[in-house]
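Okay, run.cif now, which holds mmCIF, C-alpha atoms:
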```
data_entry
loop_
_atom_site.label_atom_id
_atom_site.label_comp_id
_atom_site.auth_asym_id
_atom_site.auth_seq_id
_atom_site.Cartn_x
_atom_site.Cartn_y
_atom_site.Cartn_z
CA MET A 253 28.89 8.61 62.21
CA ASN A 254 28.27 12.22 63.14
CA ASN A 255 24.95 13.28 64.62
CA SER A 256 23.89 16.49 66.21
CA GLN A 257 25.13 15.32 69.62
CA VAL A 258 28.64 14.45 68.48
CA PRO A 259 30.49 17.66 67.82
CA VAL A 260 33.37 17.81 65.36
CA ALA A 261 35.95 20.56 65.58
CA ARG A 262 36.44 22.36 62.32
CA LYS A 263 39.97 22.17 60.91
CA GLN A 264 39.52 23.35 57.33
CA GLY A 265 40.34 26.99 56.70
CA LEU A 266 41.79 27.58 60.14
CA VAL A 267 45.27 28.52 61.33
CA VAL A 268 45.76 27.17 64.84
CA GLN A 269 48.41 28.53 67.20
CA GLU A 270 48.84 26.49 70.36
CA MET A 271 49.90 28.30 73.50
CA PRO A 272 50.67 27.12 77.00
CA GLU A 273 47.21 27.87 78.42
CA GLU A 274 45.16 28.95 75.41
CA VAL A 275 44.56 28.27 71.75
CA LEU A 276 44.56 31.02 69.14
CA ILE A 277 42.57 30.25 66.00
CA TYR A 278 42.55 32.38 62.87
CA ASP A 279 39.63 31.79 60.53
CA LEU A 280 40.79 32.29 56.95
CA ASP A 281 37.18 32.46 55.70
CA THR A 282 36.05 35.28 57.95
CA ASN A 283 39.39 36.86 58.85
CA LYS A 284 38.58 36.64 62.52
CA ALA A 285 40.92 35.64 65.33
CA HIS A 286 39.54 33.65 68.26
CA CYS A 287 41.19 33.04 71.62
CA LEU A 288 39.99 29.92 73.43
CA ASN A 289 40.83 29.85 77.12
CA LYS A 290 42.04 26.61 78.67
CA THR A 291 38.62 25.13 79.28
CA ALA A 292 37.19 26.14 75.90
CA ALA A 293 40.31 24.79 74.21
CA PHE A 294 39.93 21.46 75.98
CA VAL A 295 36.35 21.12 74.76
CA TRP A 296 37.25 22.10 71.18
CA LYS A 297 40.08 19.59 71.03
CA SER A 298 37.79 16.90 72.43
CA CYS A 299 35.33 17.44 69.57
CA ASP A 300 36.75 14.63 67.46
CA GLY A 301 33.55 13.25 66.00
CA LYS A 302 33.64 10.27 68.39
CA ASN A 303 33.01 11.92 71.75
CA SER A 304 29.48 12.83 72.70
CA VAL A 305 28.91 15.81 74.95
CA ALA A 306 28.51 13.37 77.84
CA ASP A 307 31.89 11.82 76.96
CA ILE A 308 33.52 15.23 76.81
CA THR A 309 32.06 16.12 80.19
CA LYS A 310 33.47 12.97 81.76
CA SER A 311 36.83 13.55 80.10
CA PHE A 312 36.81 17.11 81.37
CA GLU A 313 36.20 15.97 84.93
CA ASN A 314 39.11 13.53 84.66
CA GLY A 315 41.40 16.13 83.10
CA PHE A 316 40.65 18.96 85.48
CA GLY A 317 40.00 16.90 88.58
CA SER A 318 36.71 18.59 89.31
CA PRO A 319 33.08 17.56 88.68
CA VAL A 320 31.18 19.60 86.12
CA GLU A 321 27.72 19.35 84.64
CA GLU A 322 27.02 18.92 80.98
CA ASP A 323 25.80 22.53 80.92
CA PHE A 324 29.43 23.57 81.35
CA VAL A 325 30.44 21.77 78.17
CA TRP A 326 27.34 22.97 76.34
CA LEU A 327 28.36 26.52 77.16
CA ALA A 328 31.61 25.94 75.33
CA ILE A 329 29.88 24.14 72.47
CA GLU A 330 27.47 27.04 72.04
CA GLN A 331 30.29 29.52 71.73
CA LEU A 332 32.21 27.29 69.33
CA ASN A 333 29.00 27.00 67.32
CA ASP A 334 28.50 30.75 67.21
CA LYS A 335 32.08 31.31 66.06
CA ASN A 336 31.84 28.67 63.33
CA LEU A 337 34.54 26.52 64.88
CA LEU A 338 32.60 23.30 64.55
CA ASN A 339 32.14 21.38 61.32
CA GLU A 340 28.38 21.28 61.67
CA SER A 341 26.13 23.50 63.67
CA LEU A 342 24.76 21.78 66.78
CA THR A 343 21.46 22.31 68.50
CA THR A 344 22.67 23.30 71.94
CA ASN A 345 21.02 21.71 74.93
CA LEU A 346 20.87 24.17 77.80
CA LYS A 347 17.51 22.70 78.90
CA GLY A 348 15.52 25.88 78.29
CA GLN A 349 17.90 28.07 80.23
CA THR A 350 19.45 31.19 78.81
CA ARG A 351 23.20 31.40 78.58
CA ARG A 352 23.17 33.99 81.34
CA GLU A 353 21.22 31.69 83.66
CA VAL A 354 23.62 28.85 82.99
CA ILE A 355 26.65 31.04 83.61
CA LYS A 356 25.15 32.24 86.85
CA LYS A 357 24.44 28.70 87.97
CA ILE A 358 27.80 27.33 86.95
CA GLY A 359 29.78 30.36 88.00
CA PHE A 360 28.79 30.08 91.62
CA ALA A 361 29.36 26.35 91.74
CA SER A 362 32.47 25.91 89.66
CA ILE A 363 36.08 26.36 90.68
CA ILE A 364 37.17 25.97 87.09
CA ALA A 365 37.23 28.96 84.73
CA LEU A 366 34.17 29.18 82.54
CA PRO A 367 34.88 28.37 78.91
CA ILE A 368 35.41 31.57 76.99
CA VAL A 369 35.96 32.17 73.29
CA ALA A 370 36.99 35.79 72.69
CA SER A 371 37.14 37.07 69.14
CA ILE A 372 38.26 39.99 67.07
CA ALA A 373 38.12 40.84 63.38
CA ALA A 374 41.46 41.15 61.63
CA PRO A 375 41.80 44.47 59.86
CA THR A 376 42.77 45.03 56.27
CA SER A 377 46.19 46.62 56.05
CA ALA A 378 44.63 50.02 55.39
CA LEU A 379 42.58 49.83 58.57
CA ALA A 380 45.46 48.53 60.65
CA THR A 381 47.56 51.52 59.79
CA ALA A 382 45.13 54.30 59.01
CA SER A 383 47.51 57.22 58.65
CA CYS A 384 44.59 59.62 58.27
CA ALA A 385 46.34 61.19 55.27
CA CYS A 386 44.00 62.08 52.43
CA VAL A 387 43.71 63.95 49.17
CA THR A 388 39.93 63.86 48.81
CA PRO A 389 37.05 62.92 51.16
CA GLY A 390 36.85 59.63 49.26
CA ASP A 391 40.11 58.57 50.94
CA CYS A 392 38.55 58.77 54.41
CA PRO A 393 35.73 56.19 54.75
CA ALA A 394 38.25 53.34 54.93
CA GLN A 395 40.20 55.08 57.69
CA THR A 396 37.72 54.45 60.46
CA GLY A 397 40.07 55.36 63.31
CA CYS A 398 40.52 58.93 62.08
CA PRO A 399 38.77 62.02 63.46
CA SER A 400 36.52 62.07 60.39
CA THR A 401 35.58 59.44 57.83
CA VAL A 402 33.77 61.93 55.59
CA ASN A 403 35.91 65.04 55.51
CA CYS A 404 39.41 65.62 54.19
CA ASN A 405 40.46 68.94 55.65
CA GLY A 406 42.76 71.53 54.14
CA SER A 407 45.81 69.93 55.76
CA GLY A 408 45.19 66.63 54.02
CA VAL A 409 43.94 64.86 57.14
CA CYS A 410 40.69 62.91 57.55
CA ALA A 411 39.48 65.32 60.17
CA PRO A 412 36.95 68.13 60.60
CA MET B 245 56.73 43.89 33.98
CA GLU B 246 59.17 42.65 31.36
CA ASN B 247 62.08 44.95 30.47
CA ASN B 248 60.68 45.95 27.06
CA GLU B 249 57.28 46.64 28.59
CA VAL B 250 58.97 48.89 31.10
CA SER B 251 60.78 50.77 28.32
CA ASP B 252 57.61 51.35 26.27
CA CYS B 253 55.69 52.40 29.30
CA LEU B 254 58.30 54.87 30.42
CA LYS B 255 58.57 56.93 27.22
CA ASN B 256 58.28 60.56 28.36
CA ARG B 257 57.95 59.39 31.91
CA HIS B 258 60.40 59.32 34.74
CA TYR B 259 61.05 56.40 36.99
CA PHE B 260 62.88 55.14 40.00
CA ARG B 261 62.90 51.76 41.66
CA PHE B 262 63.65 50.87 45.23
CA GLU B 263 63.56 47.91 47.57
CA SER B 264 62.75 47.71 51.22
CA TYR B 265 62.42 44.55 53.34
CA GLY B 266 62.37 42.50 50.16
CA VAL B 267 59.53 44.48 48.56
CA LYS B 268 60.38 45.75 45.07
CA ILE B 269 58.58 48.94 44.13
CA GLY B 270 58.73 51.10 41.02
CA VAL B 271 57.52 54.70 41.00
CA GLU B 272 56.93 56.54 37.77
CA SER B 273 55.51 59.89 36.76
CA ASN B 274 55.21 62.33 33.91
CA SER B 275 56.53 64.99 36.31
CA GLU B 276 60.27 64.81 36.75
CA ARG B 277 60.08 67.51 39.41
CA PHE B 278 57.54 65.70 41.55
CA LEU B 279 59.30 62.39 41.18
CA LYS B 280 62.61 63.95 42.21
CA ARG B 281 60.95 65.38 45.29
CA LEU B 282 59.66 61.95 46.22
CA GLU B 283 62.98 60.27 45.53
CA ASP B 284 64.88 62.80 47.66
CA HIS B 285 62.42 62.41 50.52
CA LEU B 286 62.26 58.59 50.42
CA PRO B 287 64.88 57.95 53.14
CA ASN B 288 62.72 59.93 55.59
CA VAL B 289 59.65 57.94 54.62
CA ILE B 290 61.13 54.42 54.44
CA PRO B 291 64.41 54.45 56.35
CA ASN B 292 66.00 51.30 54.99
CA ALA B 293 64.91 51.73 51.37
CA PHE B 294 67.66 51.48 48.81
CA PHE B 295 67.57 52.46 45.17
CA THR B 296 68.29 49.80 42.60
CA ASN B 297 68.78 49.33 38.90
CA ASN B 298 65.66 50.58 37.17
CA ASN B 299 65.64 47.63 34.78
CA LEU B 300 64.99 45.04 37.46
CA GLU B 301 61.53 43.60 37.90
CA THR B 302 59.09 45.04 40.39
CA GLU B 303 56.25 43.68 42.43
CA HIS B 304 54.31 46.93 42.71
CA VAL B 305 54.25 50.03 40.55
CA PHE B 306 53.00 53.44 41.61
CA SER B 307 52.12 55.81 38.78
CA ILE B 308 51.72 59.53 39.31
CA ASN B 309 50.12 61.76 36.71
CA VAL B 310 50.35 65.51 37.01
CA SER B 311 48.14 67.37 34.58
CA GLU B 312 48.72 70.85 33.21
CA ASN B 313 45.83 72.23 35.26
CA GLY B 314 47.39 70.95 38.48
CA LEU B 315 45.49 67.72 39.06
CA PHE B 316 47.52 64.95 40.75
CA GLU B 317 46.50 61.33 40.25
CA LEU B 318 47.89 58.26 41.97
CA TYR B 319 47.65 54.72 40.66
CA LYS B 320 48.93 51.58 42.29
CA ASP B 321 49.33 48.52 40.07
CA ASP B 322 47.03 50.16 37.51
CA GLU B 323 44.28 50.81 40.03
CA LYS B 324 43.39 54.42 40.68
CA ILE B 325 43.88 55.27 44.33
CA THR B 326 43.19 58.97 44.57
CA ALA B 327 43.25 62.31 42.77
CA GLY B 328 43.31 65.92 43.92
CA ASP B 329 44.80 69.33 43.37
CA SER B 330 46.78 69.93 46.55
CA GLU B 331 50.36 68.93 45.84
CA GLU B 332 51.30 68.92 49.52
CA ASN B 333 48.43 66.65 50.54
CA PHE B 334 49.02 64.42 47.54
CA PHE B 335 52.71 64.15 48.37
CA ASN B 336 52.05 63.15 51.98
CA PHE B 337 49.38 60.67 50.91
CA SER B 338 51.70 59.09 48.34
CA CYS B 339 54.43 58.72 50.96
CA SER B 340 52.06 56.96 53.34
CA LYS B 341 50.93 54.58 50.60
CA LEU B 342 54.50 53.67 49.68
CA ARG B 343 55.24 52.96 53.30
CA LEU B 344 52.08 50.90 53.74
CA THR B 345 52.97 48.76 50.73
CA VAL B 346 56.32 47.91 52.27
CA ALA B 347 54.62 47.13 55.59
CA GLU B 348 52.03 44.90 54.00
CA PHE B 349 54.32 42.86 51.76
CA ALA B 350 57.63 42.80 53.63
CA LYS B 351 59.35 39.42 53.35
CA ALA B 352 59.89 37.45 56.55
CA LYS B 353 58.82 40.39 58.71
CA VAL B 354 55.66 41.38 60.54
CA PHE B 355 54.89 45.08 60.76
CA LEU B 356 52.80 46.41 63.63
CA HIS B 357 51.38 49.92 63.59
CA ALA B 358 53.19 51.02 66.71
CA GLY B 359 55.71 53.31 68.33
CA VAL B 360 58.93 51.68 69.50
CA ILE B 361 61.70 52.77 71.84
CA ALA B 362 64.52 50.96 73.54
CA TRP B 363 65.13 51.15 77.27
CA ASN B 364 67.88 49.30 79.10
CA GLY B 365 68.65 47.07 76.16
CA LYS B 366 65.12 45.93 75.36
CA ALA B 367 62.34 47.30 73.23
CA ILE B 368 59.05 48.70 74.46
CA ILE B 369 56.35 48.67 71.79
CA PHE B 370 53.21 50.84 71.81
CA PRO B 371 50.67 49.57 69.28
CA ALA B 372 48.07 52.23 68.59
CA GLN B 373 45.93 53.80 65.91
CA SER B 374 46.69 57.25 64.57
CA PHE B 375 45.58 60.14 66.76
CA HIS B 376 46.06 58.10 69.94
CA GLY B 377 49.24 59.82 71.04
CA LYS B 378 51.90 57.24 70.22
CA SER B 379 54.21 59.68 68.43
CA THR B 380 53.99 62.13 71.32
CA LEU B 381 54.73 59.31 73.74
CA VAL B 382 57.70 58.14 71.70
CA ALA B 383 59.06 61.70 71.48
CA LYS B 384 58.80 62.10 75.27
CA PHE B 385 60.63 58.83 75.82
CA VAL B 386 63.36 59.91 73.43
CA GLN B 387 63.74 63.15 75.35
CA ARG B 388 64.19 61.03 78.48
CA GLY B 389 67.05 59.14 76.92
CA ALA B 390 65.37 56.18 75.24
CA LEU B 391 66.74 55.07 71.90
CA TYR B 392 64.42 55.94 69.04
CA TYR B 393 63.25 53.01 66.92
CA SER B 394 60.06 54.28 65.32
CA ASP B 395 56.89 56.27 65.77
CA GLU B 396 55.08 54.30 63.06
CA TYR B 397 56.08 50.66 62.78
CA ALA B 398 57.44 47.86 64.90
CA VAL B 399 59.25 45.58 62.47
CA LEU B 400 59.39 42.05 63.87
CA ASP B 401 61.33 39.07 62.58
CA GLU B 402 60.68 35.35 62.93
CA LYS B 403 62.75 35.20 66.11
CA GLY B 404 60.63 37.93 67.71
CA PHE B 405 63.27 40.66 67.51
CA VAL B 406 62.28 44.22 66.62
CA TYR B 407 64.19 46.28 64.07
CA PRO B 408 64.53 50.06 63.81
CA PHE B 409 62.25 51.89 61.39
CA PRO B 410 63.37 55.40 62.30
CA LYS B 411 61.37 57.61 59.96
CA THR B 412 61.12 61.22 61.01
CA LEU B 413 58.76 61.67 63.94
CA SER B 414 55.39 63.03 62.92
CA LEU B 415 53.89 65.18 65.64
CA ARG B 416 50.61 67.00 65.59
CA GLY B 417 49.31 70.00 67.39
CA LYS B 418 51.84 72.71 66.70
CA GLY B 419 49.29 75.29 65.60
CA ASP B 420 46.91 73.07 63.66
CA LYS B 421 45.92 70.15 65.91
CA TYR B 422 45.45 67.83 62.95
CA LYS B 423 48.44 68.70 60.82
CA GLN B 424 51.68 66.75 61.21
CA THR B 425 55.11 68.31 61.45
CA GLU B 426 58.20 66.16 60.89
CA TYR B 427 61.07 66.09 63.40
CA THR B 428 64.27 64.13 63.58
CA ALA B 429 65.06 62.21 66.76
CA GLU B 430 68.21 64.31 67.04
CA SER B 431 66.12 67.47 67.29
CA PHE B 432 64.85 66.07 70.61
CA GLY B 433 68.37 65.31 71.73
CA GLY B 434 67.74 61.67 70.96
CA THR B 435 69.68 58.84 69.37
CA ILE B 436 68.43 56.37 66.80
CA GLY B 437 68.71 52.69 67.59
CA THR B 438 70.50 50.54 65.07
CA GLU B 439 70.39 46.97 66.34
CA PRO B 440 67.57 44.40 66.42
CA LEU B 441 66.36 44.00 69.98
CA GLU B 442 64.44 41.57 72.08
CA VAL B 443 61.02 42.88 73.08
CA GLY B 444 60.73 43.59 76.78
CA MET B 445 57.21 44.91 76.85
CA ILE B 446 54.23 45.65 74.66
CA MET B 447 52.16 48.40 76.22
CA LEU B 448 48.62 48.84 74.91
CA THR B 449 47.59 52.30 75.89
CA GLU B 450 45.74 55.35 74.70
CA TYR B 451 45.52 58.85 76.00
CA GLU B 452 42.47 59.87 77.98
CA PRO B 453 42.52 63.11 79.98
CA GLY B 454 42.74 62.36 83.68
CA ALA B 455 43.03 58.61 83.13
CA GLU B 456 44.35 56.53 86.00
CA TRP B 457 47.31 54.20 85.54
CA LYS B 458 45.95 50.69 86.16
CA PRO B 459 48.03 48.21 84.23
CA GLU B 460 46.50 44.84 83.50
CA VAL B 461 48.94 42.14 82.45
CA LEU B 462 47.39 40.07 79.70
CA SER B 463 47.59 36.37 79.00
CA ALA B 464 49.36 35.37 75.80
CA GLY B 465 46.13 34.66 73.93
CA LYS B 466 44.39 37.86 75.02
CA ALA B 467 47.53 39.80 74.18
CA ILE B 468 47.48 38.54 70.61
CA LEU B 469 43.81 39.47 70.25
CA GLU B 470 44.66 43.01 71.39
CA ILE B 471 47.60 43.24 69.01
CA VAL B 472 45.81 41.85 65.93
CA PRO B 473 44.00 45.14 65.10
CA HIS B 474 47.42 46.78 64.70
CA THR B 475 49.01 43.98 62.69
CA ILE B 476 49.36 44.96 59.07
CA PRO B 477 50.03 41.66 57.24
CA ILE B 478 47.66 39.50 59.33
CA ARG B 479 45.40 38.77 56.37
CA ASN B 480 48.27 38.21 53.91
CA LYS B 481 50.23 35.77 55.99
CA PRO B 482 48.28 34.78 59.09
CA LYS B 483 50.31 31.68 59.94
CA PHE B 484 53.67 33.44 59.95
CA THR B 485 52.20 36.48 61.70
CA LEU B 486 50.71 34.41 64.51
CA GLN B 487 53.96 32.48 64.94
CA VAL B 488 55.88 35.73 65.36
CA LEU B 489 53.34 37.23 67.73
CA ASN B 490 53.24 34.01 69.74
CA LYS B 491 57.01 34.12 70.15
CA ILE B 492 56.86 37.66 71.49
CA VAL B 493 53.87 37.38 73.80
CA ASN B 494 55.35 34.35 75.51
CA ARG B 495 58.56 36.23 76.32
CA ALA B 496 57.57 39.85 76.80
CA ILE B 497 55.21 41.44 79.28
CA ILE B 498 52.02 42.57 77.58
CA ALA B 499 50.10 45.15 79.56
CA LYS B 500 47.14 47.39 78.99
CA SER B 501 46.14 50.65 80.65
CA LYS B 502 44.73 54.02 79.74
CA ARG B 503 47.07 56.91 80.39
CA GLY B 504 46.94 60.57 81.29
CA GLU B 505 49.71 63.07 80.55
CA ALA B 506 52.82 61.57 78.98
CA GLU B 507 55.43 62.68 81.54
CA LYS B 508 53.64 61.15 84.52
CA PHE B 509 52.79 58.06 82.50
CA ILE B 510 56.42 57.50 81.58
CA ASP B 511 57.43 57.60 85.25
CA LEU B 512 54.77 55.04 86.14
CA LEU B 513 55.52 52.83 83.17
CA LEU B 514 59.26 52.74 83.81
CA GLU B 515 58.63 51.83 87.43
CA PHE B 516 56.34 49.03 86.30
CA TYR B 517 58.86 47.98 83.67
CA LYS B 518 61.60 47.79 86.29
CA THR B 519 59.57 45.37 88.42
CA LYS B 520 58.32 43.20 85.60
CA VAL B 521 61.01 43.14 82.95
CA ILE B 522 64.46 44.08 84.15
#
```

Would you give me this structure, written as C-alpha cells?
Amino acid sequence: MNNSQVPVARKQGLVVQEMPEEVLIYDLDTNKAHCLNKTAAFVWKSCDGKNSVADITKSFENGFGSPVEEDFVWLAIEQLNDKNLLNESLTTNLKGQTRREVIKKIGFASIIALPIVASIAAPTSALATASCACVTPGDCPAQTGCPSTVNCNGSGVCAP
Amino acid sequence: MENNEVSDCLKNRHYFRFESYGVKIGVESNSERFLKRLEDHLPNVIPNAFFTNNNLETEHVFSINVSENGLFELYKDDEKITAGDSEENFFNFSCSKLRLTVAEFAKAKVFLHAGVIAWNGKAIIFPAQSFHGKSTLVAKFVQRGALYYSDEYAVLDEKGFVYPFPKTLSLRGKGDKYKQTEYTAESFGGTIGTEPLEVGMIMLTEYEPGAEWKPEVLSAGKAILEIVPHTIPIRNKPKFTLQVLNKIVNRAIIAKSKRGEAEKFIDLLLEFYKTKVI
C-alpha cells in the first residue's frame, strides 16, 4: 500500500535510456528530457512502492559503501517530485531546512556526488532548426534563436 | 491522396514528387515557372532527393499559389504556412520548409541541426542554432582540408554513423550581415564526403568575440541534454532518437567550449582532437 512516505517511480509516459553512470528519461507528456546522475538514478530506481525513504537510505549506504543521512535521499526525492518523475507527489521531509541548507550540510560531509536531476525542454522541429528564413513577420515568433522574432527584413531573414 | 484525387486536384496545376530518406513529398503550384525553379534547385536544397513517378502516393503535399498581383502563398498538407510578395524570400522559405519536412520525418534516421566535417576518417559534428557561426566554421575546416559533410544537418543512423548532407554552404556577411549567399564546397577548394562515418567528436560551441578555449568533456547523459535542443525528430520518435544519441555519446568525445576566431579555434580543436580521439 502506497503512502506519502513510500515513493513510487513513475513509469507511464516515460522513455527511459539507461547509461553506464546515468539515466536519461524523456517525458512524453511534457516533452522534457531529464538526466539523473548516478546517485539520483539509484534513488529513482529504488522507488518501487515497497521501500520507504529510510529503506532507500540504508540500501544506498550498502550500495555506495558510505554512510548518508536521510536528507541525502530526500534531496533526490524532492527533485524527482519537482520533475514529475514519481507516481504521486510526496511531502518532502527536509526538517524545516531549505534545499540550499541541506546541500551545504551534505556537501561538506559527503564523499558521494549529490543527487542531481538536470532537465531540458525538447524543441519542436521548427525551433530545433530555426533557419531564420521568413516571408512575413508572422514567420518569426516561432524562430526564437533568430536575431529578431518580430521583424522579417528585406532579405527574408528574421532580423532587424 | 488517391490517384483520382490527385488528378482532379492537379487540373491546371503543375506537380512534381520526390523522396528523400524515405519521406515522400509532393509539390504543386499554379505557376509552372516557379515550380520549375524549385525543381531545378532541389538537389542543392536536399542533396539526396530523387524524383519519382508523380502518380505514387505522398505523405506530405506542399501547395504554392501565385496570384496575378504577385502574392505567393504556401500551404503544407492543406494548412496555410505563409504568404508574401517577395518571390526571392518566398523561394528561400519554401526550400527551408521542404528540407525541414525531410529532417523531421526521415525514416530510420535522426537529423541534428549541425555542421559536419570529416577529419582523419571520423566525423566532427557541431550542433548549433542559426547565426552561431557553424557554417563559417565548416567552411574554414573545408579550406583546411576537411571533407565537407554538411553545414545544416548531421544525419545519423541507428548504428550511430553520420551520412553526408552536402547542400550548398550558406554563408552570411558578404555585404549584408544577415543575408545568406550559397557556395559549393568546391569553391573553397574542398571535397564532399560520400561515405557514412563513425562520429569522433561532437563539439558544442558558439562564437563569442575574445572567448577563451576551455573545453569541458561532458558525461554521456549531460551530452544528450546538450544535444536535445538541436535534435529535430525528438518529439516524433523519442525512443529511437535517444537510442541513436546514446550510441554516439558513449563512443565519441562530447565537448563544450565557447570559441573566438575560427582559424585559431580550429588549431586548438584539432590539437584537442588528436589527444582525445585519434

*Quick one: which residues end up in the PyMOL selection byres ((chain A) within 10 of (chain B)) for this structure, as a PyMOL selection string?*
chain A and resi 266-280+283-289+370-391+395-399+404-412

*Spatial neighbours of Gly317 in chain A, max dist 12 Å, all atoms listed in the file, sep filter under 6 positions, as a list of chain:residue names*: A:Thr309, A:Lys310, A:Ser311, A:Ser362, A:Ile363, A:Ile364

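Using only C-alpha atoms, the nearest neighbour of Lys297 in chain A within the list A:Ile358, A:Ala328, A:Leu366, A:Leu342 is A:Ala328.
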
Quick one: apply the PyMOL selection byres ((chain A and resi 308) around 10) to the file and drop the selected residues here as a CSV table (one decimal) with C-alpha atoms, in the frame of the given file.
```csv
chain,number,residue,atom,x,y,z
A,258,VAL,CA,28.6,14.4,68.5
A,259,PRO,CA,30.5,17.7,67.8
A,294,PHE,CA,39.9,21.5,76.0
A,295,VAL,CA,36.4,21.1,74.8
A,296,TRP,CA,37.2,22.1,71.2
A,297,LYS,CA,40.1,19.6,71.0
A,298,SER,CA,37.8,16.9,72.4
A,299,CYS,CA,35.3,17.4,69.6
A,300,ASP,CA,36.8,14.6,67.5
A,302,LYS,CA,33.6,10.3,68.4
A,303,ASN,CA,33.0,11.9,71.8
A,304,SER,CA,29.5,12.8,72.7
A,305,VAL,CA,28.9,15.8,75.0
A,306,ALA,CA,28.5,13.4,77.8
A,307,ASP,CA,31.9,11.8,77.0
A,309,THR,CA,32.1,16.1,80.2
A,310,LYS,CA,33.5,13.0,81.8
A,311,SER,CA,36.8,13.6,80.1
A,312,PHE,CA,36.8,17.1,81.4
A,313,GLU,CA,36.2,16.0,84.9
A,314,ASN,CA,39.1,13.5,84.7
A,322,GLU,CA,27.0,18.9,81.0
A,325,VAL,CA,30.4,21.8,78.2
A,326,TRP,CA,27.3,23.0,76.3
```

*Name the residues that the PyMOL selection byres ((chain B and resi 392) around 8) picks from the file above, as JSON, numbers by chain, using the file's chain letters and numbers.*
{"B": [360, 361, 362, 382, 386, 390, 391, 393, 394, 408, 410, 429, 434, 435, 436, 437]}

*Which residues, written as a list in words, have at least one atom at most 9 Å from Lys335 in chain A, with only C-alpha atoms counted and residues fewer than 3 positions away on the same chain left out?*
His286, Glu330, Gln331, Leu332, Leu338, Val369 and Ser371 of chain A

*Skipping near chain neighbours, those fewer than 3 positions away, what residues fall within 12 Å of Lys518 in chain B using only C-alpha atoms, listed as a list in words?*
Trp363, Asn364, Lys366, Gly444, Met445, Ile497, Ile510, Asp511, Leu512, Leu513, Leu514, Glu515, Val521 and Ile522 of chain B

*Work out how far apart CA of Arg388 in chain B and CA of Glu505 in chain B are and give it in Å to one decimal.*
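Between CA of Arg388 in chain B and CA of Glu505 in chain B the gap is 14.8 Å.
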